[in-house]
Amino acid sequence: MTKTKMRTYSYFFLLPAGIIYFVFYLLPTILSFFFSMTRWTLTKWTYIGFENYATFFSETSLSIGFRNTLVYAVVTCGLKVVLGLLLGAFLTSRILFKNYLRSVIFFPTLLSTIAVGIAFSTMMHPSHGMFNTVLASLGITGPDWLGNTKIALLSVAMVDVWKGVGVATVIYIAGISAIPQEYYEALKIDGGNNYSAFRNITLPLSRPAMNSVIILAFIGGLRSFDLIWAMTKGGPGFTTDLIASIIYKQYQAGFYGLATAGNVILFIAVSVLAFPLYKFLTKSEVNL
């Protein structure tokens with residue numbers, strides 16, 4: 001009798017969380033799939049089947065958007081993984097002002113993405129931006145960072161890395177700090193140097209942290225929107241358009257059903273890419 005009451009009492013306290021999860025996650029997800037097959041406004045809707053999906057895939061900018069999204073995700077993820085690891089290893093070593101340097105590295109993460117985008121778009125202005133002004137003082141003609149179709153996407157990606165590498169560094173610091181110091185002491189007794197310690201101890205034993213960084217950074221890159229929109233609005237042309245910015249432009253034009261279909265496509269694309277990657281990384285982590 002007592003066990004039954006305790007079990008009912010415990011399940012009852014799960015009910016509020018279950019309601020919140022259903023109302024704010026499950027229900028909107030289900031409705032998104034439904035309204036992606038309609039032509040809707042705030043007051044009425046008409047069922048049109050898969051017409052929105054066919055229209056979305058016929059968009060001339062879609063193939064460019066998919067390519068840009070994949071390139072953006074791979075570049076930002078790769079740089080955050082590598083730079084975060086190097087910074088994490090450096091900030092867990094015996095250096096002065098360690099805590100201060102950790103704060104400096106993490107500080108950009110706390111800034112508003114829109115504010116960062118506006119600030120860097122100003123600094124990257126081709127004629128009076130800070131970057132090109134500094135280069136001009138050195139006798140170098142700076143490029144049009146956000147207007148050159150060849151480097152615009154990479155310019156935004158570099159800003160994304162600057163802002164987000166702090167999170168990766170913190171995750172690496174936690175992972176590296178959990179490695180027992182006895183391993184390093186044993187390697188030092190055997191005559192190992194800092195490079196061998198990094199290669200044979202830090203790198204393999206920080207794999208769980210690295211896997212977390214890869215997953216978070218890759219999904220974040222696939223879903224990125226606000227920094228792109230603040231800096232280039234997808235331009236010049238479709239050069240920096242990502243899937244998320246294409247979807248937003250459809251909302252702006254009043255094609256709500258079409259934009260909802262785009263959100264469903266983005267959700268499926270992220271799932272198709274992220275879940276196999278997660279399984280692969282988890283499997284390789286177990287095999288260590």
# chains A, B, ... in the order shown; residues from 1 in each chain; ligands from 1
>>> residues_around(residues="A:Glu185", least_positions_apart="5", cutoff="12 Å", atoms="only C-alpha atoms", output="MDAnalysis selection string")
chainID A and resid 179:180 190:194 197 201
>>> write_last_selection(atoms="N, CA, C and O atoms", output="short mmCIF file (atom, residue, chain, number, x, y, z; two decimals), in the first residue's frame")
data_model
loop_
_atom_site.label_atom_id
_atom_site.label_comp_id
_atom_site.auth_asym_id
_atom_site.auth_seq_id
_atom_site.Cartn_x
_atom_site.Cartn_y
_atom_site.Cartn_z
N ILE A 179 41.35 14.20 -16.33
CA ILE A 179 42.37 13.18 -16.58
C ILE A 179 43.27 13.08 -15.35
O ILE A 179 43.81 14.09 -14.89
N PRO A 180 43.48 11.89 -14.79
CA PRO A 180 44.33 11.75 -13.59
C PRO A 180 45.76 12.24 -13.86
O PRO A 180 46.36 11.92 -14.89
N ASP A 190 59.22 8.49 -17.45
CA ASP A 190 59.74 7.73 -18.60
C ASP A 190 60.46 8.61 -19.61
O ASP A 190 60.89 8.12 -20.67
N GLY A 191 60.58 9.89 -19.33
CA GLY A 191 61.31 10.79 -20.21
C GLY A 191 60.46 11.48 -21.26
O GLY A 191 61.00 12.05 -22.22
N GLY A 192 59.15 11.46 -21.11
CA GLY A 192 58.27 12.10 -22.08
C GLY A 192 58.28 13.61 -21.95
O GLY A 192 58.46 14.14 -20.85
N ASN A 193 58.05 14.30 -23.06
CA ASN A 193 57.98 15.76 -23.04
C ASN A 193 56.53 16.21 -23.17
O ASN A 193 55.60 15.40 -23.17
N ASN A 194 56.33 17.53 -23.30
CA ASN A 194 54.98 18.07 -23.37
C ASN A 194 54.23 17.58 -24.61
O ASN A 194 53.02 17.32 -24.56
N ALA A 197 53.08 14.05 -24.08
CA ALA A 197 51.98 14.04 -23.11
C ALA A 197 50.67 14.43 -23.79
O ALA A 197 49.62 13.82 -23.55
N ILE A 201 48.34 11.22 -24.08
CA ILE A 201 47.45 11.24 -22.92
C ILE A 201 46.28 12.20 -23.13
O ILE A 201 45.12 11.80 -23.10
#
>>> residues_around(residues="stretch 117-129 of chain A", least_positions_apart="6", cutoff="7 Å", atoms="only C-alpha atoms", output="list in words")
Pro143, Asp144, Trp145, Leu227, Ala230 and Met231 of chain A
>>> write_last_selection(atoms="N, CA and C atoms", output="compact mmCIF listing (two decimals), in the first residue's frame")
# COMPACT_ATOMS: atom_id res chain seq x y z
N PRO A 143 40.70 43.15 -48.51
CA PRO A 143 39.59 42.74 -49.38
C PRO A 143 38.26 43.29 -48.89
N ASP A 144 37.25 43.12 -49.69
CA ASP A 144 35.88 43.41 -49.27
C ASP A 144 35.36 42.16 -48.58
N TRP A 145 35.52 42.12 -47.25
CA TRP A 145 35.30 40.90 -46.48
C TRP A 145 33.91 40.31 -46.69
N LEU A 227 23.66 35.26 -36.93
CA LEU A 227 24.90 35.94 -37.29
C LEU A 227 24.95 36.25 -38.78
N ALA A 230 22.56 39.17 -39.47
CA ALA A 230 23.06 40.45 -38.96
C ALA A 230 24.19 41.01 -39.82
N MET A 231 24.99 40.12 -40.43
CA MET A 231 26.17 40.57 -41.15
C MET A 231 25.94 40.74 -42.66
>>> closest_residue(among="A:Val270, A:Val116, A:Val264, A:Ala244", to="A:Ile219", atoms="only C-alpha atoms")
A:Val270
>>> atom_distance(atom1="atom CA of A:Leu31", atom2="atom CA of A:Gly221")
25.4 Å
>>> residues_around(residues="A:Leu42", least_positions_apart="2", cutoff="12 Å", atoms="only C-alpha atoms", output="ChimeraX atom specification")
/A:35,39-40,44-46,254-257
>>> write_last_selection(atoms="N, CA, C and O atoms", output="PDB file, in the first residue's frame")
ATOM      1  N   PHE A  35       0.980  21.853 -40.791  1.00  0.00           N
ATOM      2  CA  PHE A  35       0.865  23.129 -41.496  1.00  0.00           C
ATOM      3  C   PHE A  35       1.864  23.264 -42.631  1.00  0.00           C
ATOM      4  O   PHE A  35       1.722  24.146 -43.478  1.00  0.00           O
ATOM      5  N   ARG A  39      -1.590  25.894 -47.051  1.00  0.00           N
ATOM      6  CA  ARG A  39      -1.342  27.304 -47.353  1.00  0.00           C
ATOM      7  C   ARG A  39      -2.099  28.075 -46.271  1.00  0.00           C
ATOM      8  O   ARG A  39      -3.323  28.140 -46.302  1.00  0.00           O
ATOM      9  N   TRP A  40      -1.368  28.661 -45.317  1.00  0.00           N
ATOM     10  CA  TRP A  40      -2.038  29.204 -44.151  1.00  0.00           C
ATOM     11  C   TRP A  40      -1.652  30.653 -43.869  1.00  0.00           C
ATOM     12  O   TRP A  40      -0.599  31.135 -44.274  1.00  0.00           O
ATOM     13  N   LYS A  44      -6.706  31.541 -41.398  1.00  0.00           N
ATOM     14  CA  LYS A  44      -7.288  30.409 -42.129  1.00  0.00           C
ATOM     15  C   LYS A  44      -6.181  29.571 -42.767  1.00  0.00           C
ATOM     16  O   LYS A  44      -5.035  30.006 -42.881  1.00  0.00           O
ATOM     17  N   TRP A  45      -6.546  28.360 -43.168  1.00  0.00           N
ATOM     18  CA  TRP A  45      -5.590  27.485 -43.829  1.00  0.00           C
ATOM     19  C   TRP A  45      -6.317  26.616 -44.856  1.00  0.00           C
ATOM     20  O   TRP A  45      -7.508  26.350 -44.736  1.00  0.00           O
ATOM     21  N   THR A  46      -5.541  26.190 -45.874  1.00  0.00           N
ATOM     22  CA  THR A  46      -6.052  25.322 -46.927  1.00  0.00           C
ATOM     23  C   THR A  46      -5.062  24.188 -47.145  1.00  0.00           C
ATOM     24  O   THR A  46      -3.870  24.438 -47.359  1.00  0.00           O
ATOM     25  N   GLY A 254       5.605  36.348 -46.692  1.00  0.00           N
ATOM     26  CA  GLY A 254       4.240  35.946 -46.382  1.00  0.00           C
ATOM     27  C   GLY A 254       3.886  34.535 -46.784  1.00  0.00           C
ATOM     28  O   GLY A 254       2.729  34.134 -46.677  1.00  0.00           O
ATOM     29  N   PHE A 255       4.883  33.742 -47.236  1.00  0.00           N
ATOM     30  CA  PHE A 255       4.627  32.346 -47.611  1.00  0.00           C
ATOM     31  C   PHE A 255       4.848  31.454 -46.383  1.00  0.00           C
ATOM     32  O   PHE A 255       5.848  30.746 -46.286  1.00  0.00           O
ATOM     33  N   TYR A 256       3.887  31.484 -45.473  1.00  0.00           N
ATOM     34  CA  TYR A 256       4.061  30.809 -44.189  1.00  0.00           C
ATOM     35  C   TYR A 256       4.089  29.290 -44.319  1.00  0.00           C
ATOM     36  O   TYR A 256       4.878  28.617 -43.650  1.00  0.00           O
ATOM     37  N   GLY A 257       3.231  28.751 -45.170  1.00  0.00           N
ATOM     38  CA  GLY A 257       3.231  27.299 -45.374  1.00  0.00           C
ATOM     39  C   GLY A 257       4.529  26.828 -45.995  1.00  0.00           C
ATOM     40  O   GLY A 257       5.096  25.802 -45.603  1.00  0.00           O
TER      41      GLY A 257
END
>>> closest_residue(among="A:Phe33, A:Trp162, A:Tyr184, A:Phe24", to="A:Thr113", atoms="only C-alpha atoms")
A:Trp162
>>> residues_around(residues="A:Ser212", least_positions_apart="2", cutoff="10 Å", atoms="only C-alpha atoms", output="NGL selection string")
:A and (81 or 168 or 171-172 or 207-210 or 214-218 or 278 or 281-282)
>>> select_by_dssp(residues="stretch 2-207 of chain A", states="strand (DSSP E)", output="list of chain:residue names")
A:Thr38, A:Arg39, A:Trp40, A:Trp45, A:Thr46, A:Tyr47
>>> write_last_selection(atoms="N, CA and C atoms", output="short mmCIF file (atom, residue, chain, number, x, y, z; two decimals), in the first residue's frame")
data_model
loop_
_atom_site.label_atom_id
_atom_site.label_comp_id
_atom_site.auth_asym_id
_atom_site.auth_seq_id
_atom_site.Cartn_x
_atom_site.Cartn_y
_atom_site.Cartn_z
N THR A 38 -0.01 22.86 -45.83
CA THR A 38 -1.15 23.76 -46.02
C THR A 38 -0.66 25.11 -46.55
N ARG A 39 -1.59 25.89 -47.05
CA ARG A 39 -1.34 27.30 -47.35
C ARG A 39 -2.10 28.07 -46.27
N TRP A 40 -1.37 28.66 -45.32
CA TRP A 40 -2.04 29.20 -44.15
C TRP A 40 -1.65 30.65 -43.87
N TRP A 45 -6.55 28.36 -43.17
CA TRP A 45 -5.59 27.48 -43.83
C TRP A 45 -6.32 26.62 -44.86
N THR A 46 -5.54 26.19 -45.87
CA THR A 46 -6.05 25.32 -46.93
C THR A 46 -5.06 24.19 -47.15
N TYR A 47 -5.55 22.97 -47.10
CA TYR A 47 -4.68 21.80 -47.29
C TYR A 47 -4.28 21.67 -48.75
#
>>> decode(residues="stretch 214-227 of chain A", atoms="all heavy atoms", output="PDB file, in the first residue's frame")
ATOM      1  N   ILE A 214      32.099  18.392 -31.066  1.00  0.00           N
ATOM      2  CA  ILE A 214      31.776  18.123 -32.474  1.00  0.00           C
ATOM      3  C   ILE A 214      30.270  18.159 -32.697  1.00  0.00           C
ATOM      4  O   ILE A 214      29.773  18.818 -33.627  1.00  0.00           O
ATOM      5  CB  ILE A 214      32.348  16.768 -32.914  1.00  0.00           C
ATOM      6  CG1 ILE A 214      33.881  16.817 -32.953  1.00  0.00           C
ATOM      7  CG2 ILE A 214      31.813  16.372 -34.290  1.00  0.00           C
ATOM      8  CD1 ILE A 214      34.535  15.475 -33.218  1.00  0.00           C
ATOM      9  N   ILE A 215      29.525  17.468 -31.851  1.00  0.00           N
ATOM     10  CA  ILE A 215      28.072  17.404 -32.012  1.00  0.00           C
ATOM     11  C   ILE A 215      27.448  18.786 -31.857  1.00  0.00           C
ATOM     12  O   ILE A 215      26.648  19.239 -32.688  1.00  0.00           O
ATOM     13  CB  ILE A 215      27.455  16.423 -31.000  1.00  0.00           C
ATOM     14  CG1 ILE A 215      27.869  14.991 -31.322  1.00  0.00           C
ATOM     15  CG2 ILE A 215      25.931  16.535 -31.001  1.00  0.00           C
ATOM     16  CD1 ILE A 215      27.366  14.470 -32.643  1.00  0.00           C
ATOM     17  N   LEU A 216      27.805  19.493 -30.789  1.00  0.00           N
ATOM     18  CA  LEU A 216      27.210  20.806 -30.535  1.00  0.00           C
ATOM     19  C   LEU A 216      27.569  21.808 -31.628  1.00  0.00           C
ATOM     20  O   LEU A 216      26.713  22.562 -32.108  1.00  0.00           O
ATOM     21  CB  LEU A 216      27.670  21.328 -29.169  1.00  0.00           C
ATOM     22  CG  LEU A 216      27.157  20.568 -27.946  1.00  0.00           C
ATOM     23  CD1 LEU A 216      27.799  21.117 -26.673  1.00  0.00           C
ATOM     24  CD2 LEU A 216      25.640  20.673 -27.844  1.00  0.00           C
ATOM     25  N   ALA A 217      28.838  21.823 -32.023  1.00  0.00           N
ATOM     26  CA  ALA A 217      29.281  22.788 -33.030  1.00  0.00           C
ATOM     27  C   ALA A 217      28.686  22.483 -34.397  1.00  0.00           C
ATOM     28  O   ALA A 217      28.306  23.396 -35.145  1.00  0.00           O
ATOM     29  CB  ALA A 217      30.808  22.804 -33.102  1.00  0.00           C
ATOM     30  N   PHE A 218      28.594  21.209 -34.748  1.00  0.00           N
ATOM     31  CA  PHE A 218      28.066  20.828 -36.060  1.00  0.00           C
ATOM     32  C   PHE A 218      26.578  21.155 -36.165  1.00  0.00           C
ATOM     33  O   PHE A 218      26.137  21.751 -37.162  1.00  0.00           O
ATOM     34  CB  PHE A 218      28.312  19.348 -36.315  1.00  0.00           C
ATOM     35  CG  PHE A 218      27.972  18.910 -37.712  1.00  0.00           C
ATOM     36  CD1 PHE A 218      28.696  19.380 -38.799  1.00  0.00           C
ATOM     37  CD2 PHE A 218      26.936  18.028 -37.944  1.00  0.00           C
ATOM     38  CE1 PHE A 218      28.386  18.978 -40.097  1.00  0.00           C
ATOM     39  CE2 PHE A 218      26.620  17.618 -39.231  1.00  0.00           C
ATOM     40  CZ  PHE A 218      27.349  18.099 -40.298  1.00  0.00           C
ATOM     41  N   ILE A 219      25.810  20.794 -35.146  1.00  0.00           N
ATOM     42  CA  ILE A 219      24.383  21.112 -35.166  1.00  0.00           C
ATOM     43  C   ILE A 219      24.175  22.623 -35.149  1.00  0.00           C
ATOM     44  O   ILE A 219      23.311  23.160 -35.851  1.00  0.00           O
ATOM     45  CB  ILE A 219      23.670  20.444 -33.973  1.00  0.00           C
ATOM     46  CG1 ILE A 219      23.685  18.921 -34.132  1.00  0.00           C
ATOM     47  CG2 ILE A 219      22.235  20.936 -33.854  1.00  0.00           C
ATOM     48  CD1 ILE A 219      23.073  18.175 -32.974  1.00  0.00           C
ATOM     49  N   GLY A 220      24.979  23.336 -34.343  1.00  0.00           N
ATOM     50  CA  GLY A 220      24.881  24.790 -34.312  1.00  0.00           C
ATOM     51  C   GLY A 220      25.171  25.412 -35.666  1.00  0.00           C
ATOM     52  O   GLY A 220      24.508  26.376 -36.076  1.00  0.00           O
ATOM     53  N   GLY A 221      26.151  24.865 -36.384  1.00  0.00           N
ATOM     54  CA  GLY A 221      26.465  25.371 -37.713  1.00  0.00           C
ATOM     55  C   GLY A 221      25.350  25.119 -38.713  1.00  0.00           C
ATOM     56  O   GLY A 221      25.038  25.972 -39.549  1.00  0.00           O
ATOM     57  N   LEU A 222      24.718  23.957 -38.628  1.00  0.00           N
ATOM     58  CA  LEU A 222      23.619  23.641 -39.539  1.00  0.00           C
ATOM     59  C   LEU A 222      22.407  24.528 -39.292  1.00  0.00           C
ATOM     60  O   LEU A 222      21.664  24.850 -40.234  1.00  0.00           O
ATOM     61  CB  LEU A 222      23.209  22.169 -39.387  1.00  0.00           C
ATOM     62  CG  LEU A 222      24.215  21.112 -39.853  1.00  0.00           C
ATOM     63  CD1 LEU A 222      23.714  19.719 -39.495  1.00  0.00           C
ATOM     64  CD2 LEU A 222      24.475  21.206 -41.355  1.00  0.00           C
ATOM     65  N   ARG A 223      22.215  24.936 -38.059  1.00  0.00           N
ATOM     66  CA  ARG A 223      21.027  25.729 -37.700  1.00  0.00           C
ATOM     67  C   ARG A 223      21.306  27.229 -37.650  1.00  0.00           C
ATOM     68  O   ARG A 223      20.429  28.018 -37.302  1.00  0.00           O
ATOM     69  CB  ARG A 223      20.497  25.269 -36.345  1.00  0.00           C
ATOM     70  CG  ARG A 223      20.025  23.829 -36.315  1.00  0.00           C
ATOM     71  CD  ARG A 223      19.664  23.382 -34.905  1.00  0.00           C
ATOM     72  NE  ARG A 223      18.610  24.203 -34.338  1.00  0.00           N
ATOM     73  CZ  ARG A 223      18.780  25.065 -33.351  1.00  0.00           C
ATOM     74  NH1 ARG A 223      19.995  25.247 -32.825  1.00  0.00           N
ATOM     75  NH2 ARG A 223      17.772  25.770 -32.887  1.00  0.00           N
ATOM     76  N   SER A 224      22.508  27.644 -37.974  1.00  0.00           N
ATOM     77  CA  SER A 224      22.897  29.041 -37.804  1.00  0.00           C
ATOM     78  C   SER A 224      22.045  29.966 -38.669  1.00  0.00           C
ATOM     79  O   SER A 224      21.736  29.667 -39.823  1.00  0.00           O
ATOM     80  CB  SER A 224      24.374  29.210 -38.154  1.00  0.00           C
ATOM     81  OG  SER A 224      24.793  30.535 -37.922  1.00  0.00           O
ATOM     82  N   PHE A 225      21.688  31.101 -38.093  1.00  0.00           N
ATOM     83  CA  PHE A 225      20.897  32.090 -38.821  1.00  0.00           C
ATOM     84  C   PHE A 225      21.211  33.520 -38.404  1.00  0.00           C
ATOM     85  O   PHE A 225      21.479  34.383 -39.246  1.00  0.00           O
ATOM     86  CB  PHE A 225      19.399  31.827 -38.627  1.00  0.00           C
ATOM     87  CG  PHE A 225      18.541  33.007 -38.984  1.00  0.00           C
ATOM     88  CD1 PHE A 225      18.326  33.333 -40.316  1.00  0.00           C
ATOM     89  CD2 PHE A 225      17.964  33.795 -38.003  1.00  0.00           C
ATOM     90  CE1 PHE A 225      17.555  34.431 -40.660  1.00  0.00           C
ATOM     91  CE2 PHE A 225      17.188  34.890 -38.333  1.00  0.00           C
ATOM     92  CZ  PHE A 225      16.970  35.211 -39.661  1.00  0.00           C
ATOM     93  N   ASP A 226      21.191  33.788 -37.092  1.00  0.00           N
ATOM     94  CA  ASP A 226      21.218  35.166 -36.615  1.00  0.00           C
ATOM     95  C   ASP A 226      22.492  35.913 -37.002  1.00  0.00           C
ATOM     96  O   ASP A 226      22.439  37.090 -37.386  1.00  0.00           O
ATOM     97  CB  ASP A 226      21.013  35.220 -35.099  1.00  0.00           C
ATOM     98  CG  ASP A 226      21.776  34.152 -34.349  1.00  0.00           C
ATOM     99  OD1 ASP A 226      22.548  33.409 -34.984  1.00  0.00           O
ATOM    100  OD2 ASP A 226      21.591  34.038 -33.111  1.00  0.00           O
ATOM    101  N   LEU A 227      23.659  35.258 -36.928  1.00  0.00           N
ATOM    102  CA  LEU A 227      24.902  35.937 -37.289  1.00  0.00           C
ATOM    103  C   LEU A 227      24.948  36.249 -38.782  1.00  0.00           C
ATOM    104  O   LEU A 227      25.345  37.345 -39.196  1.00  0.00           O
ATOM    105  CB  LEU A 227      26.105  35.076 -36.888  1.00  0.00           C
ATOM    106  CG  LEU A 227      27.482  35.733 -37.028  1.00  0.00           C
ATOM    107  CD1 LEU A 227      27.591  36.951 -36.129  1.00  0.00           C
ATOM    108  CD2 LEU A 227      28.590  34.740 -36.720  1.00  0.00           C
TER     109      LEU A 227
END
